[in-house]
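Asker: This is the structure, below, for whatever I ask next.
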Amino acid sequence: MILSIESSCDDSSIAVTRIADYKLLFHKKISQELAHSEYGGVVPELASRLHAEALPKILEEAKEYLPHIKAIAVTNEPGLSVTLMEGVMMAKALHLALQKPLIGVNHLVGHIYSLFIEKEAVLPKMVLLVSGGHTMILDVKDYNDLKVLATTLDDSFGESFDKVAKMMGLGYPGGPIIEELAKSGDAERFAFPVPLAKSAKLAFSYSGLKNAVRLALEELPNLSRKDMADIAASFQKAAITHLLQKTRKACELYKPIDFAIVGGASANQELRRAFERECAKRGIPISFAKLEFCSDNAAMIGRAAIEAYKRGDFIAMEELKVLPRSCFV
Ligand code: KG4
Ligand code: ZN
């Protein structure tokens with residue numbers, strides 16, 4: 001079994017996964033969303049303190065598995081340094097106590113393997129990763145063979161939902177709030193510009209769209225519920241259209257045979273429907289992670305770690321460092 005730890009942002013999570021058949025034997029996550037909600041975003045110092053409380057509590061619940069653990073996996077990049085550190089310190093303590101090897105897992109690779117929890121991996125795939133920190137199109141050939149085809153020039157897809165929700169005073173995380181609000185809104189009321197629509201660049205950008213929303217809000221001093229719903233729907237439409245346009249471009253250039261969307265924002269149902277339609281048109285199979293595994297969790301880290309374990313890809317304790325930015329971007 002592999003014990004995995006995730007603490008890259010605002011979710012404290014530990015999982016135990018059986019190596020032979022990928023079975024998830026234990027999985028628990030304590031989310032800090034409520035604690036950060038009043039600030040409209042994650043406060044790193046607060047997050048780190050909450051991890052220091054939550055991780056030992058979860059580990060206590062997983063105690064019965066400790067004698068059977070063959071390796072300890074932990075997210076060590078990318079993420080908030082002070083929160084990654086909490087998981088890495090726990091992993092190092094377990095390494096010393098259990099005398100089992102360490103595996104450092106890239107959080108983005110973890111998101112990719114959220115597709116394969118309790119399953120064999122099916123690769124190669126073109127993967128769209130949409131989270132709070134990243135918006136990327138990746139060519140994923142294998143666990144340690146992936147290439148970034150496109151990334152964002154500024155804000156990420158999920159972050160733009162967080163910022164729009166914050167501008168309307170709606171709390172954090174903004175993704176689910178905006179998606180819910182958009183259901184009763186008129187997506188045609190505000191003609192927000194689709195970012196980089198006329199650019200040939202294979203890249204994403206969300207800061208211009210965010211500013212367009214800000215300007216629209218400034219012109220609506222007495223913001224009604226209807227106004228907010230219309231803004232949410234119009235914004236979401238432009239945000240998703242941007243993903244679609246650039247992914248179409250990537251498909252033309254790289255001709256994928258299989259496609260998937262991962263990351264916290266892949267829980268968005270409008271996004272899923274839009275890409276399902278697009279892939280059906282092109283005859284490309286599409287897959288998503290189960291909803292419960294879209295946002296940050298240790299199950300995906302454990303699943304990815306099995307690939308490292310099979311390759312003997314371990315890391316010495318003194319080599320295991322926290323890297324706020326990913327090694328491959
Ligand atoms: O993957 P994740 O849990 O954490 C990071 O690695 O960043 O993603 C969290 C992000 C947040 O920005 C959140 O607002 C966004 O995913 N998100 C959504 C939805 N659910 C979560 N964005 C759009 N629509 C959603 N339904
Ligand atoms: Zn994530």
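Letters A, B, ... go to the chains of the structure tokens in the order shown; residues in each chain start at 1; ligands are counted from 1 in the same order.
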Could you list, as a PyMOL selection string, all residues that come within 10 Å of ligand 2? Count only C-alpha atoms and all ligand atoms.

Answerer: chain A and resi 6-11+78-79+107-111+129-134+262-265+294-297

Asker: Could you please take those selected residues and save N, CA and C atoms as a PDB file, in the first residue's frame?

Answerer:
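Saved to result-v4.pdb:
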```pdb
ATOM      1  N   GLU A   6      -1.686  15.200   0.571  1.00  0.00           N
ATOM      2  CA  GLU A   6      -1.860  16.382  -0.285  1.00  0.00           C
ATOM      3  C   GLU A   6      -2.131  17.597   0.594  1.00  0.00           C
ATOM      4  N   SER A   7      -1.341  18.664   0.384  1.00  0.00           N
ATOM      5  CA  SER A   7      -1.563  19.904   1.146  1.00  0.00           C
ATOM      6  C   SER A   7      -1.092  21.113   0.332  1.00  0.00           C
ATOM      7  N   SER A   8      -1.272  21.046  -1.008  1.00  0.00           N
ATOM      8  CA  SER A   8      -0.682  22.104  -1.836  1.00  0.00           C
ATOM      9  C   SER A   8      -1.424  23.430  -1.757  1.00  0.00           C
ATOM     10  N   CYS A   9      -2.687  23.377  -1.325  1.00  0.00           N
ATOM     11  CA  CYS A   9      -3.450  24.634  -1.263  1.00  0.00           C
ATOM     12  C   CYS A   9      -4.340  24.634  -0.032  1.00  0.00           C
ATOM     13  N   ASP A  10      -5.648  24.481  -0.210  1.00  0.00           N
ATOM     14  CA  ASP A  10      -6.539  24.597   0.957  1.00  0.00           C
ATOM     15  C   ASP A  10      -7.283  23.313   1.282  1.00  0.00           C
ATOM     16  N   ASP A  11      -6.787  22.177   0.832  1.00  0.00           N
ATOM     17  CA  ASP A  11      -7.382  20.898   1.200  1.00  0.00           C
ATOM     18  C   ASP A  11      -6.324  20.033   1.864  1.00  0.00           C
ATOM     19  N   PRO A  78       3.492  21.782  -7.780  1.00  0.00           N
ATOM     20  CA  PRO A  78       3.609  23.176  -7.375  1.00  0.00           C
ATOM     21  C   PRO A  78       2.504  23.481  -6.362  1.00  0.00           C
ATOM     22  N   GLY A  79       2.574  24.652  -5.754  1.00  0.00           N
ATOM     23  CA  GLY A  79       1.568  25.034  -4.767  1.00  0.00           C
ATOM     24  C   GLY A  79       2.098  26.134  -3.878  1.00  0.00           C
ATOM     25  N   HIS A 107       1.747  17.934  -8.315  1.00  0.00           N
ATOM     26  CA  HIS A 107       0.302  18.094  -8.140  1.00  0.00           C
ATOM     27  C   HIS A 107      -0.465  18.004  -9.475  1.00  0.00           C
ATOM     28  N   LEU A 108       0.141  18.528 -10.530  1.00  0.00           N
ATOM     29  CA  LEU A 108      -0.531  18.528 -11.834  1.00  0.00           C
ATOM     30  C   LEU A 108      -0.608  17.109 -12.391  1.00  0.00           C
ATOM     31  N   VAL A 109       0.454  16.351 -12.168  1.00  0.00           N
ATOM     32  CA  VAL A 109       0.439  14.941 -12.572  1.00  0.00           C
ATOM     33  C   VAL A 109      -0.631  14.203 -11.751  1.00  0.00           C
ATOM     34  N   GLY A 110      -0.735  14.595 -10.487  1.00  0.00           N
ATOM     35  CA  GLY A 110      -1.789  14.038  -9.633  1.00  0.00           C
ATOM     36  C   GLY A 110      -3.161  14.279 -10.251  1.00  0.00           C
ATOM     37  N   HIS A 111      -3.420  15.515 -10.680  1.00  0.00           N
ATOM     38  CA  HIS A 111      -4.724  15.796 -11.313  1.00  0.00           C
ATOM     39  C   HIS A 111      -4.937  14.895 -12.530  1.00  0.00           C
ATOM     40  N   LEU A 129      -6.215  20.875 -18.344  1.00  0.00           N
ATOM     41  CA  LEU A 129      -6.184  20.966 -16.876  1.00  0.00           C
ATOM     42  C   LEU A 129      -6.685  22.349 -16.463  1.00  0.00           C
ATOM     43  N   VAL A 130      -7.798  22.372 -15.760  1.00  0.00           N
ATOM     44  CA  VAL A 130      -8.374  23.656 -15.343  1.00  0.00           C
ATOM     45  C   VAL A 130      -8.546  23.657 -13.825  1.00  0.00           C
ATOM     46  N   SER A 131      -7.716  24.472 -13.168  1.00  0.00           N
ATOM     47  CA  SER A 131      -7.799  24.506 -11.701  1.00  0.00           C
ATOM     48  C   SER A 131      -7.706  25.949 -11.234  1.00  0.00           C
ATOM     49  N   GLY A 132      -7.444  26.111  -9.940  1.00  0.00           N
ATOM     50  CA  GLY A 132      -7.329  27.467  -9.417  1.00  0.00           C
ATOM     51  C   GLY A 132      -5.978  28.080  -9.744  1.00  0.00           C
ATOM     52  N   GLY A 133      -4.988  27.224  -9.967  1.00  0.00           N
ATOM     53  CA  GLY A 133      -3.643  27.722 -10.232  1.00  0.00           C
ATOM     54  C   GLY A 133      -3.207  27.559 -11.683  1.00  0.00           C
ATOM     55  N   HIS A 134      -3.881  26.713 -12.445  1.00  0.00           N
ATOM     56  CA  HIS A 134      -3.409  26.389 -13.792  1.00  0.00           C
ATOM     57  C   HIS A 134      -4.528  26.284 -14.818  1.00  0.00           C
ATOM     58  N   VAL A 262      -9.335  17.648 -16.535  1.00  0.00           N
ATOM     59  CA  VAL A 262      -9.105  17.406 -15.105  1.00  0.00           C
ATOM     60  C   VAL A 262      -8.944  18.738 -14.363  1.00  0.00           C
ATOM     61  N   GLY A 263      -8.899  18.650 -13.034  1.00  0.00           N
ATOM     62  CA  GLY A 263      -8.707  19.842 -12.206  1.00  0.00           C
ATOM     63  C   GLY A 263     -10.015  20.255 -11.548  1.00  0.00           C
ATOM     64  N   GLY A 264      -9.899  21.050 -10.495  1.00  0.00           N
ATOM     65  CA  GLY A 264     -11.074  21.452  -9.719  1.00  0.00           C
ATOM     66  C   GLY A 264     -12.201  22.012 -10.572  1.00  0.00           C
ATOM     67  N   ALA A 265     -11.852  22.815 -11.588  1.00  0.00           N
ATOM     68  CA  ALA A 265     -12.889  23.462 -12.394  1.00  0.00           C
ATOM     69  C   ALA A 265     -13.541  22.508 -13.395  1.00  0.00           C
ATOM     70  N   CYS A 294     -12.310  15.683  -8.592  1.00  0.00           N
ATOM     71  CA  CYS A 294     -11.890  16.819  -9.433  1.00  0.00           C
ATOM     72  C   CYS A 294     -11.058  17.800  -8.629  1.00  0.00           C
ATOM     73  N   SER A 295     -11.542  18.172  -7.456  1.00  0.00           N
ATOM     74  CA  SER A 295     -10.782  19.134  -6.649  1.00  0.00           C
ATOM     75  C   SER A 295      -9.644  18.390  -5.940  1.00  0.00           C
ATOM     76  N   ASP A 296      -8.773  19.162  -5.301  1.00  0.00           N
ATOM     77  CA  ASP A 296      -7.556  18.582  -4.725  1.00  0.00           C
ATOM     78  C   ASP A 296      -7.857  17.448  -3.745  1.00  0.00           C
ATOM     79  N   ASN A 297      -7.118  16.379  -3.863  1.00  0.00           N
ATOM     80  CA  ASN A 297      -7.324  15.230  -2.975  1.00  0.00           C
ATOM     81  C   ASN A 297      -6.076  14.352  -2.994  1.00  0.00           C
TER      82      ASN A 297
END
```

Asker: List the neighbours of range 222-236 of chain A out to 9 Å using only C-alpha atoms; skip same-chain residues closer than 5 positions along the sequence, and give me the result as a list in words.

Answerer: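 Result of the neighbour search: Phe161, Val164, Ala165, Met168, Ile178, Glu179, Glu180, Leu181, Ala182, Lys183, Ser184, Gly185, Asp186, Ala187, Glu188, Arg189, Phe190, Ala191, Phe192, Leu209, Lys210, Val213, Ala216, Leu217, Thr241, Glu270 and Leu271 of chain A.
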
Asker: To one decimal place in Å, what is the distance between CA of Tyr113 in chain A and CA of Ala304 in chain A?

Answerer: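 According to the coordinates, CA of Tyr113 in chain A and CA of Ala304 in chain A are separated by 5.5 Å.
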
Asker: Considering only C-alpha atoms and all ligand atoms, can you say which of A:Met300, A:Ala97, A:Val194, A:Ala250 comes closest to ligand 1?

Answerer: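 Of A:Met300, A:Ala97, A:Val194, A:Ala250, the one nearest ligand 1, counting only C-alpha atoms and all ligand atoms, is A:Met300.
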
Asker: For each of A:Ala299, A:Ala280, A:Val148, A:Ile261, take the minimum atom-to-atom distance to His27 in chain A, counting only C-alpha atoms, then give the residue where this is smallest.

Answerer: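 Of A:Ala299, A:Ala280, A:Val148, A:Ile261, the one nearest His27 in chain A is A:Ala299, counting only C-alpha atoms.
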
Asker: How far is it from CA of Lys28 in chain A to CA of Gly175 in chain A, in Å with one decimal?

Answerer: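 Between CA of Lys28 in chain A and CA of Gly175 in chain A the gap is 22.2 Å.
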
Asker: Which of range 111-291 of chain A end up as strand (DSSP E) when DSSP is run on this backbone - answer as number ranges by chain?

Answerer: A: 125-130, 135-142, 145-150, 259-262, 286-288

Asker: Go ahead and save the picked residues with N, CA, C and O atoms, as an mmCIF file, in the first residue's frame.

Answerer:
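That gives us again.cif:
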```cif
data_model
loop_
_atom_site.group_PDB
_atom_site.id
_atom_site.type_symbol
_atom_site.label_atom_id
_atom_site.label_comp_id
_atom_site.auth_asym_id
_atom_site.auth_seq_id
_atom_site.Cartn_x
_atom_site.Cartn_y
_atom_site.Cartn_z
ATOM 1 N N LYS A 125 -3.029 10.788 -24.096
ATOM 2 C CA LYS A 125 -4.210 11.632 -24.110
ATOM 3 C C LYS A 125 -3.781 13.081 -24.229
ATOM 4 O O LYS A 125 -2.723 13.457 -23.723
ATOM 5 N N MET A 126 -4.675 13.862 -24.837
ATOM 6 C CA MET A 126 -4.534 15.309 -24.690
ATOM 7 C C MET A 126 -5.374 15.663 -23.461
ATOM 8 O O MET A 126 -6.525 15.237 -23.361
ATOM 9 N N VAL A 127 -4.776 16.403 -22.518
ATOM 10 C CA VAL A 127 -5.489 16.713 -21.272
ATOM 11 C C VAL A 127 -5.596 18.230 -21.090
ATOM 12 O O VAL A 127 -4.597 18.949 -21.175
ATOM 13 N N LEU A 128 -6.820 18.673 -20.844
ATOM 14 C CA LEU A 128 -7.046 20.073 -20.471
ATOM 15 C C LEU A 128 -7.120 20.111 -18.949
ATOM 16 O O LEU A 128 -7.960 19.429 -18.360
ATOM 17 N N LEU A 129 -6.215 20.875 -18.344
ATOM 18 C CA LEU A 129 -6.184 20.966 -16.876
ATOM 19 C C LEU A 129 -6.685 22.349 -16.463
ATOM 20 O O LEU A 129 -6.101 23.362 -16.846
ATOM 21 N N VAL A 130 -7.798 22.372 -15.760
ATOM 22 C CA VAL A 130 -8.374 23.656 -15.343
ATOM 23 C C VAL A 130 -8.546 23.657 -13.825
ATOM 24 O O VAL A 130 -9.377 22.936 -13.288
ATOM 25 N N THR A 135 -4.157 26.608 -16.045
ATOM 26 C CA THR A 135 -5.019 26.369 -17.208
ATOM 27 C C THR A 135 -4.052 25.919 -18.284
ATOM 28 O O THR A 135 -3.231 26.713 -18.759
ATOM 29 N N MET A 136 -4.118 24.653 -18.633
ATOM 30 C CA MET A 136 -3.095 24.097 -19.529
ATOM 31 C C MET A 136 -3.684 23.063 -20.455
ATOM 32 O O MET A 136 -4.602 22.341 -20.069
ATOM 33 N N ILE A 137 -3.092 22.967 -21.629
ATOM 34 C CA ILE A 137 -3.344 21.798 -22.469
ATOM 35 C C ILE A 137 -2.039 21.004 -22.460
ATOM 36 O O ILE A 137 -0.961 21.564 -22.708
ATOM 37 N N LEU A 138 -2.163 19.730 -22.140
ATOM 38 C CA LEU A 138 -0.970 18.881 -22.024
ATOM 39 C C LEU A 138 -1.068 17.694 -22.971
ATOM 40 O O LEU A 138 -2.156 17.143 -23.181
ATOM 41 N N ASP A 139 0.072 17.332 -23.493
ATOM 42 C CA ASP A 139 0.169 16.097 -24.261
ATOM 43 C C ASP A 139 0.765 15.078 -23.283
ATOM 44 O O ASP A 139 1.940 15.185 -22.932
ATOM 45 N N VAL A 140 -0.065 14.151 -22.824
ATOM 46 C CA VAL A 140 0.398 13.208 -21.799
ATOM 47 C C VAL A 140 0.622 11.846 -22.440
ATOM 48 O O VAL A 140 -0.318 11.187 -22.881
ATOM 49 N N LYS A 141 1.878 11.438 -22.495
ATOM 50 C CA LYS A 141 2.196 10.145 -23.104
ATOM 51 C C LYS A 141 2.350 9.082 -22.031
ATOM 52 O O LYS A 141 1.987 7.926 -22.216
ATOM 53 N N ASP A 142 2.916 9.508 -20.883
ATOM 54 C CA ASP A 142 3.167 8.548 -19.815
ATOM 55 C C ASP A 142 3.365 9.330 -18.514
ATOM 56 O O ASP A 142 3.416 10.569 -18.536
ATOM 57 N N ASP A 145 6.312 11.454 -18.988
ATOM 58 C CA ASP A 145 6.501 11.939 -20.354
ATOM 59 C C ASP A 145 5.298 12.799 -20.733
ATOM 60 O O ASP A 145 4.310 12.303 -21.291
ATOM 61 N N LEU A 146 5.383 14.062 -20.370
ATOM 62 C CA LEU A 146 4.297 14.959 -20.722
ATOM 63 C C LEU A 146 4.838 16.319 -21.140
ATOM 64 O O LEU A 146 5.912 16.732 -20.708
ATOM 65 N N LYS A 147 4.066 16.949 -22.044
ATOM 66 C CA LYS A 147 4.526 18.202 -22.616
ATOM 67 C C LYS A 147 3.414 19.238 -22.479
ATOM 68 O O LYS A 147 2.246 18.923 -22.747
ATOM 69 N N VAL A 148 3.784 20.443 -22.094
ATOM 70 C CA VAL A 148 2.789 21.514 -22.007
ATOM 71 C C VAL A 148 2.617 22.110 -23.410
ATOM 72 O O VAL A 148 3.571 22.617 -23.991
ATOM 73 N N LEU A 149 1.396 22.048 -23.942
ATOM 74 C CA LEU A 149 1.137 22.595 -25.277
ATOM 75 C C LEU A 149 0.640 24.035 -25.186
ATOM 76 O O LEU A 149 0.830 24.821 -26.104
ATOM 77 N N ALA A 150 -0.050 24.329 -24.094
ATOM 78 C CA ALA A 150 -0.566 25.692 -23.913
ATOM 79 C C ALA A 150 -0.705 25.968 -22.434
ATOM 80 O O ALA A 150 -1.012 25.069 -21.657
ATOM 81 N N PHE A 259 -9.106 12.430 -25.326
ATOM 82 C CA PHE A 259 -9.106 13.735 -24.670
ATOM 83 C C PHE A 259 -9.685 13.613 -23.266
ATOM 84 O O PHE A 259 -10.555 12.769 -23.021
ATOM 85 N N ALA A 260 -9.208 14.451 -22.345
ATOM 86 C CA ALA A 260 -9.756 14.442 -20.984
ATOM 87 C C ALA A 260 -9.644 15.832 -20.368
ATOM 88 O O ALA A 260 -8.798 16.625 -20.775
ATOM 89 N N ILE A 261 -10.521 16.099 -19.413
ATOM 90 C CA ILE A 261 -10.435 17.359 -18.666
ATOM 91 C C ILE A 261 -10.307 17.029 -17.185
ATOM 92 O O ILE A 261 -11.073 16.213 -16.660
ATOM 93 N N VAL A 262 -9.335 17.648 -16.535
ATOM 94 C CA VAL A 262 -9.105 17.406 -15.105
ATOM 95 C C VAL A 262 -8.944 18.738 -14.363
ATOM 96 O O VAL A 262 -8.845 19.794 -14.990
ATOM 97 N N ILE A 286 -13.906 11.341 -24.857
ATOM 98 C CA ILE A 286 -13.588 12.315 -23.795
ATOM 99 C C ILE A 286 -13.845 11.674 -22.439
ATOM 100 O O ILE A 286 -14.768 10.879 -22.294
ATOM 101 N N SER A 287 -12.997 12.004 -21.462
ATOM 102 C CA SER A 287 -13.261 11.506 -20.111
ATOM 103 C C SER A 287 -12.979 12.583 -19.076
ATOM 104 O O SER A 287 -12.259 13.556 -19.345
ATOM 105 N N PHE A 288 -13.580 12.394 -17.923
ATOM 106 C CA PHE A 288 -13.431 13.310 -16.791
ATOM 107 C C PHE A 288 -13.163 12.455 -15.559
ATOM 108 O O PHE A 288 -13.533 11.287 -15.522
#
```

Asker: Just the residues within 6 Å of range 35-51 of chain A, please, counting only C-alpha atoms, with nothing from its chain fewer than 2 positions along; format it as a list of chain:residue names.

Answerer: A:Asp10, A:Ser12, A:Gln32, A:Glu33, A:Glu53, A:Ala54, A:Leu55, A:Val82, A:Thr83, A:Lys166, A:Gly171, A:Tyr172

Asker: What does the distance from CA of Ser207 in chain A to CA of Ser160 in chain A come to in Å, to one decimal?

Answerer: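 Separation of CA of Ser207 in chain A and CA of Ser160 in chain A: 7.4 Å.
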
Asker: Give the alpha helix (DSSP H) residues of range 3-220 of chain A, as assigned by DSSP on the backbone, as a ChimeraX atom specification.

Answerer: /A:33-37,44-61,81-98,107-113,157-167,174-182,207-218
